[in-house]
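The next block is work.cif, given as mmCIF, C-alpha atoms.
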```
data_coords
loop_
_atom_site.label_atom_id
_atom_site.label_comp_id
_atom_site.auth_asym_id
_atom_site.auth_seq_id
_atom_site.Cartn_x
_atom_site.Cartn_y
_atom_site.Cartn_z
CA MET A 191 -28.96 80.59 -102.17
CA GLU A 192 -30.06 77.53 -104.11
CA ILE A 193 -30.95 77.48 -107.79
CA GLN A 194 -32.99 74.69 -109.35
CA GLU A 195 -34.93 74.26 -112.55
CA ARG A 196 -38.35 72.67 -112.90
CA ASP A 197 -40.09 72.30 -116.27
CA GLY A 198 -38.48 75.38 -117.73
CA ILE A 199 -39.00 77.49 -114.61
CA THR A 200 -36.05 78.52 -112.47
CA ILE A 201 -36.54 78.54 -108.72
CA ILE A 202 -34.12 80.52 -106.57
CA THR A 203 -34.46 79.74 -102.87
CA THR A 204 -32.87 82.52 -100.88
CA ASP A 205 -31.19 82.04 -97.49
CA GLU A 206 -32.29 83.26 -94.06
CA ARG A 207 -31.46 86.87 -94.98
CA LEU A 208 -31.78 88.78 -98.24
CA ASP A 209 -29.60 91.76 -97.35
CA ALA A 210 -26.70 93.90 -98.55
CA VAL A 211 -24.35 90.93 -98.12
CA VAL A 212 -26.11 88.69 -100.62
CA ALA A 213 -28.02 91.17 -102.84
CA PRO A 214 -25.19 91.41 -105.43
CA GLN A 215 -25.11 87.60 -105.74
CA LEU A 216 -28.84 87.48 -106.46
CA LYS A 217 -28.56 90.19 -109.11
CA ASP A 218 -25.61 88.40 -110.76
CA ALA A 219 -27.45 85.08 -110.78
CA VAL A 220 -30.56 86.59 -112.36
CA ASN A 221 -28.54 88.50 -114.96
CA LYS A 222 -26.90 85.21 -115.98
CA LEU A 223 -30.32 83.58 -116.28
CA ALA A 224 -31.52 86.44 -118.47
CA GLU A 225 -28.43 86.10 -120.68
CA ARG A 226 -29.27 82.43 -121.18
CA SER A 227 -32.92 83.32 -121.90
CA GLU A 228 -34.00 81.39 -118.82
CA THR A 229 -36.47 84.06 -117.90
CA LYS A 230 -39.25 82.37 -115.96
CA LEU A 231 -38.17 82.80 -112.36
CA VAL A 232 -39.67 82.15 -108.96
CA ILE A 233 -37.92 83.62 -105.92
CA ASP A 234 -38.81 81.31 -103.06
CA LEU A 235 -38.55 83.18 -99.76
CA GLU A 236 -39.53 80.20 -97.62
CA LYS A 237 -36.21 80.22 -95.75
CA THR A 238 -35.89 84.00 -95.69
CA ARG A 239 -36.82 85.63 -92.40
CA PHE A 240 -35.40 89.11 -93.09
CA ILE A 241 -35.15 91.43 -96.09
CA ASP A 242 -33.64 94.93 -96.11
CA SER A 243 -33.59 97.73 -98.69
CA SER A 244 -30.68 96.12 -100.52
CA GLY A 245 -32.68 92.91 -100.82
CA CYS A 246 -35.68 94.86 -102.13
CA GLY A 247 -33.36 96.56 -104.61
CA ALA A 248 -32.03 93.23 -105.82
CA LEU A 249 -35.59 91.96 -106.34
CA VAL A 250 -36.53 95.09 -108.30
CA ALA A 251 -33.37 94.76 -110.41
CA SER A 252 -34.10 91.07 -111.02
CA LEU A 253 -37.66 91.74 -112.15
CA ARG A 254 -36.45 94.49 -114.49
CA ALA A 255 -33.75 92.28 -116.02
CA LEU A 256 -36.25 89.49 -116.68
CA ILE A 257 -38.95 91.75 -118.14
CA LYS A 258 -36.30 93.27 -120.42
CA SER A 259 -35.67 89.72 -121.67
CA ASN A 260 -39.40 89.09 -122.12
CA GLY A 261 -39.58 87.02 -118.95
CA ASP A 262 -41.18 87.40 -115.56
CA MET A 263 -40.54 86.87 -111.86
CA LYS A 264 -42.87 85.66 -109.14
CA ILE A 265 -42.29 85.65 -105.40
CA ALA A 266 -43.36 82.84 -103.09
CA ASN A 267 -43.57 82.33 -99.34
CA PRO A 268 -42.86 85.82 -97.99
CA SER A 269 -42.26 85.97 -94.23
CA PRO A 270 -44.31 88.35 -92.07
CA GLN A 271 -41.36 90.78 -92.12
CA ALA A 272 -41.13 90.58 -95.92
CA LYS A 273 -44.87 91.14 -96.31
CA THR A 274 -44.71 94.20 -94.07
CA LEU A 275 -41.72 95.56 -95.97
CA PHE A 276 -43.34 94.98 -99.38
CA GLN A 277 -46.47 96.80 -98.24
CA LEU A 278 -44.50 99.68 -96.71
CA THR A 279 -42.53 100.16 -99.92
CA ARG A 280 -45.59 99.38 -102.08
CA LEU A 281 -43.62 96.63 -103.79
CA HIS A 282 -46.59 94.34 -103.18
CA ARG A 283 -48.15 96.19 -106.13
CA VAL A 284 -45.06 95.57 -108.27
CA PHE A 285 -44.33 91.92 -107.50
CA GLU A 286 -46.67 88.98 -108.07
CA ILE A 287 -46.63 87.35 -104.66
CA PHE A 288 -47.89 83.87 -103.79
CA ASP A 289 -48.34 82.26 -100.39
CA ASP A 290 -46.74 79.01 -101.60
CA LEU A 291 -44.23 77.82 -104.16
CA GLU A 292 -46.68 75.70 -106.13
CA GLY A 293 -48.96 78.65 -106.73
CA ALA A 294 -46.07 80.70 -108.06
CA VAL A 295 -44.84 77.90 -110.35
CA GLU A 296 -48.32 77.11 -111.62
CA SER A 297 -48.93 80.77 -112.44
CA PHE A 298 -46.37 80.44 -115.24
CA THR A 299 -48.05 77.40 -116.79
CA ALA A 300 -51.47 79.01 -116.42
CA SER A 301 -50.42 82.16 -118.25
CA MET B 5 -34.92 106.55 -69.35
CA ASP B 6 -35.29 104.87 -65.94
CA ASP B 7 -33.82 101.41 -65.37
CA GLN B 8 -31.73 101.87 -68.46
CA ILE B 9 -29.57 99.17 -69.92
CA SER B 10 -26.84 100.24 -72.31
CA VAL B 11 -24.47 98.34 -74.57
CA ARG B 12 -21.55 99.95 -76.38
CA ILE B 13 -19.29 98.40 -78.97
CA GLU B 14 -16.76 99.72 -81.48
CA VAL B 15 -16.14 97.75 -84.64
CA PRO B 16 -14.69 98.32 -88.11
CA ALA B 17 -17.43 99.41 -90.52
CA GLU B 18 -17.11 96.23 -92.57
CA MET B 19 -19.93 94.41 -94.34
CA ILE B 20 -18.73 91.11 -92.88
CA LEU B 21 -19.96 92.38 -89.50
CA LEU B 22 -23.48 93.32 -90.62
CA ARG B 23 -25.04 89.94 -89.94
CA PRO B 24 -23.34 89.26 -86.60
CA LEU B 25 -24.36 92.73 -85.38
CA ASP B 26 -27.95 92.38 -86.61
CA HIS B 27 -28.08 88.99 -84.92
CA PHE B 28 -26.83 90.45 -81.67
CA VAL B 29 -29.41 93.25 -81.79
CA ARG B 30 -32.22 90.80 -82.45
CA ILE B 31 -31.22 88.36 -79.72
CA PHE B 32 -30.49 91.17 -77.24
CA LEU B 33 -33.87 92.84 -77.75
CA GLY B 34 -35.65 89.50 -77.60
CA GLN B 35 -34.26 88.99 -74.09
CA LEU B 36 -35.89 92.18 -72.82
CA PRO B 37 -39.41 91.97 -71.37
CA GLU B 38 -40.43 95.05 -73.37
CA PHE B 39 -39.94 93.13 -76.62
CA SER B 40 -40.43 89.50 -75.65
CA SER B 41 -43.67 89.05 -77.59
CA ARG B 42 -43.19 91.80 -80.14
CA ASP B 43 -41.62 90.22 -83.22
CA ASP B 44 -43.02 93.03 -85.36
CA LEU B 45 -41.23 95.64 -83.25
CA ILE B 46 -37.98 93.67 -83.22
CA ASN B 47 -38.22 93.30 -87.02
CA ASP B 48 -38.54 97.08 -87.38
CA LEU B 49 -35.64 97.74 -85.03
CA GLU B 50 -33.44 95.16 -86.74
CA LEU B 51 -34.25 96.79 -90.09
CA ALA B 52 -33.37 100.29 -88.84
CA PHE B 53 -30.10 99.05 -87.33
CA ASP B 54 -29.25 97.10 -90.50
CA GLU B 55 -29.90 100.08 -92.78
CA ALA B 56 -27.92 102.49 -90.61
CA PHE B 57 -24.87 100.24 -90.39
CA THR B 58 -25.03 99.48 -94.13
CA ASN B 59 -25.19 103.20 -94.95
CA ILE B 60 -22.12 103.94 -92.84
CA GLN B 61 -20.19 101.08 -94.41
CA ARG B 62 -21.19 102.13 -97.94
CA HIS B 63 -21.34 105.91 -97.81
CA ALA B 64 -19.47 107.33 -94.80
CA TYR B 65 -16.52 105.13 -95.65
CA THR B 66 -15.34 103.76 -98.98
CA SER B 67 -13.40 100.73 -100.10
CA GLU B 68 -10.28 102.95 -100.04
CA LYS B 69 -11.01 104.76 -96.77
CA LYS B 70 -12.32 102.44 -94.11
CA GLY B 71 -12.77 103.18 -90.44
CA PRO B 72 -14.50 102.40 -87.19
CA VAL B 73 -18.07 102.81 -86.08
CA SER B 74 -19.04 103.13 -82.46
CA ILE B 75 -22.46 101.72 -81.67
CA GLU B 76 -24.45 102.25 -78.50
CA ILE B 77 -27.80 100.64 -77.77
CA LYS B 78 -29.77 102.14 -74.90
CA VAL B 79 -33.05 100.73 -73.72
CA GLY B 80 -35.12 102.55 -71.10
CA SER B 81 -38.60 101.98 -69.76
CA GLY B 82 -40.26 103.79 -72.64
CA SER B 83 -37.78 104.09 -75.46
CA LEU B 84 -34.85 102.56 -77.29
CA GLU B 85 -31.96 104.41 -78.90
CA PHE B 86 -29.37 103.28 -81.43
CA LYS B 87 -26.43 105.68 -81.54
CA PHE B 88 -23.83 105.36 -84.30
CA GLU B 89 -20.63 107.40 -84.46
CA ASP B 90 -18.33 107.26 -87.48
CA ARG B 91 -15.38 109.31 -88.70
CA GLY B 92 -16.10 109.07 -92.39
CA GLN B 93 -17.77 111.36 -94.92
CA SER B 94 -20.64 113.37 -93.48
CA PHE B 95 -23.87 114.06 -95.31
CA ASP B 96 -26.96 116.22 -95.06
CA PRO B 97 -29.98 113.99 -94.38
CA SER B 98 -32.34 116.78 -95.46
CA SER B 99 -30.84 116.56 -98.96
CA VAL B 100 -31.89 112.93 -99.31
CA GLN B 101 -35.03 112.84 -101.40
CA ALA B 102 -37.91 110.58 -100.47
CA PRO B 103 -38.24 107.71 -102.93
CA ASN B 104 -41.00 107.71 -105.52
CA LEU B 105 -42.77 104.51 -104.49
CA ASP B 106 -44.78 104.50 -107.69
CA LYS B 107 -41.52 104.09 -109.63
CA PRO B 108 -39.52 101.54 -107.66
CA SER B 109 -35.79 101.81 -108.01
CA GLU B 110 -32.91 99.59 -106.99
CA GLY B 111 -31.69 101.95 -104.27
CA GLY B 112 -32.48 104.99 -102.19
CA LEU B 113 -34.82 103.35 -99.71
CA GLY B 114 -32.52 102.98 -96.70
CA ILE B 115 -32.89 106.30 -94.88
CA TRP B 116 -36.56 106.53 -95.81
CA LEU B 117 -37.15 103.08 -94.31
CA ILE B 118 -35.35 104.05 -91.11
CA ARG B 119 -37.59 107.10 -90.80
CA GLN B 120 -40.69 104.94 -91.34
CA VAL B 121 -39.91 102.49 -88.55
CA MET B 122 -38.24 104.81 -86.00
CA ASP B 123 -39.76 107.82 -84.24
CA GLU B 124 -36.69 110.07 -84.36
CA TYR B 125 -33.79 110.32 -86.83
CA LEU B 126 -31.18 112.75 -85.51
CA TYR B 127 -27.90 113.34 -87.33
CA HIS B 128 -25.12 115.86 -86.83
CA SER B 129 -21.38 116.22 -87.34
CA GLU B 130 -19.02 117.26 -84.54
CA ALA B 131 -16.08 119.62 -84.99
CA ASP B 132 -13.68 116.75 -84.27
CA GLY B 133 -14.93 114.87 -87.35
CA ARG B 134 -17.37 112.51 -85.69
CA ASN B 135 -20.69 111.97 -87.41
CA VAL B 136 -23.39 111.08 -84.90
CA LEU B 137 -26.62 109.35 -85.84
CA ARG B 138 -29.27 108.74 -83.17
CA LEU B 139 -32.30 106.62 -83.92
CA ILE B 140 -35.00 106.59 -81.26
CA LYS B 141 -38.08 104.46 -80.91
CA HIS B 142 -40.69 105.14 -78.25
CA PHE B 143 -42.92 102.35 -77.07
CA PRO B 144 -45.61 102.15 -74.42
CA ARG B 145 -44.56 100.85 -71.04
CA GLY B 146 -45.56 97.24 -70.70
CA ALA B 147 -45.33 96.75 -74.47
CA GLY B 148 -44.16 93.22 -73.77
CA ASN B 149 -47.67 92.33 -72.70
CA SER B 150 -49.17 93.44 -76.00
CA PRO B 151 -50.31 90.81 -78.50
#
```

Please go through the file and, once you have read it, give me the structure as structure tokens.
Amino acid sequence: MEIQERDGITIITTDERLDAVVAPQLKDAVNKLAERSETKLVIDLEKTRFIDSSGCGALVASLRALIKSNGDMKIANPSPQAKTLFQLTRLHRVFEIFDDLEGAVESFTAS
Amino acid sequence: MDDQISVRIEVPAEMILLRPLDHFVRIFLGQLPEFSSRDDLINDLELAFDEAFTNIQRHAYTSEKKGPVSIEIKVGSGSLEFKFEDRGQSFDPSSVQAPNLDKPSEGGLGIWLIRQVMDEYLYHSEADGRNVLRLIKHFPRGAGNSP
């Protein structure tokens, strides 16, 4: 998991898998961002081939933590497996999802 | 199941083994003609396997009481079965409520997801303390030739 900042927007690039192994790390990282009021976040899934229910849970928890701190979270570059999972769980109606990172980042400056 | 191939392994139900086991399942299924061009099917099967193993590690056992899980993967000409046996805490799958997808929560999706992607979810506890979970997926013969 890589964390970088660009013009006031934090970008977290997750690894090949967003699963039960790494879900707690993502939640911790986002909670720390919220505590520091760094609440504009893009989760870049470009490297992530596989997400499970724990990964979905971590994304839901992250979005909630940021909204509670008056922030927001966007998702970029979902894999085919992630898209299928988001549709199955209806999370595609909860998350703002972009096909590329630039679109997700620009959505913050446009709003 | 004609021309069946079966793999059996017993491992500690430890989270450190989740990824190696998922990887094995994915690579193993990818070698079989039935799945060679079916990434969507392999994704579903990997997800079901991942959720089942995670549930056993988290709920059948605890951080204080750990134990083994026996895993068997059987692939026949028209179906695949994952069979998990643990000796931890049993549960009643019928008592697990379906998630309210209109109110997403941080947990509670695992068993529901397994049921969505597999055709059969069969669970029972034996008198000797073994909990047996069988997950079965049927697929048409010659599925490997599908787009």

For this session: Please evaluate the PyMOL selection byres ((chain A) within 6 of (chain B)) against the structure above and give the resulting residues as a PyMOL selection string.
Result: chain A and resi 243+247+250-251

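Residues in contact with A:Leu231 at 10 Å, where all atoms listed in the file are counted and same-chain residues fewer than 4 positions away are skipped, are listed as Glu195, Gly198, Ile199, Thr200, Ile201, Ile202, Val220, Leu223, Ala224, Ser252, Leu253, Leu256, Gly261, Asp262, Met263, Lys264, Ile265, Ala294, Val295 and Phe298 of chain A.
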
For stretch 73-76 of chain B, work out the shell of residues within 7 Å, counting all atoms listed in the file and skipping chain neighbours fewer than 5 positions away, then give it as a short mmCIF file (atom, residue, chain, number, x, y, z; two decimals) with C-alpha atoms, in the frame of the given file.
```
data_model
loop_
_atom_site.label_atom_id
_atom_site.label_comp_id
_atom_site.auth_asym_id
_atom_site.auth_seq_id
_atom_site.Cartn_x
_atom_site.Cartn_y
_atom_site.Cartn_z
CA SER B 10 -26.84 100.24 -72.31
CA VAL B 11 -24.47 98.34 -74.57
CA ARG B 12 -21.55 99.95 -76.38
CA ILE B 13 -19.29 98.40 -78.97
CA GLU B 14 -16.76 99.72 -81.48
CA VAL B 15 -16.14 97.75 -84.64
CA PRO B 16 -14.69 98.32 -88.11
CA ALA B 17 -17.43 99.41 -90.52
CA PHE B 86 -29.37 103.28 -81.43
CA LYS B 87 -26.43 105.68 -81.54
CA PHE B 88 -23.83 105.36 -84.30
CA GLU B 89 -20.63 107.40 -84.46
CA ASP B 90 -18.33 107.26 -87.48
#
```

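Taken over the shown file, the PyMOL selection byres ((chain A and resi 206) around 10) identifies A:Met191, A:Thr203, A:Thr204, A:Asp205, A:Arg207, A:Leu208, A:Asp209, A:Leu235, A:Glu236, A:Lys237, A:Thr238, A:Arg239, A:Phe240, A:Ile241.
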
For this session: Can you pull out every residue within 8 Å of stretch 124-134 of chain B, counting all atoms listed in the file, but drop anything in the same chain fewer than 4 positions away, and send it as a VMD selection string?
Result: chain B and resid 89 to 92 94 97 118 to 119 138 to 141
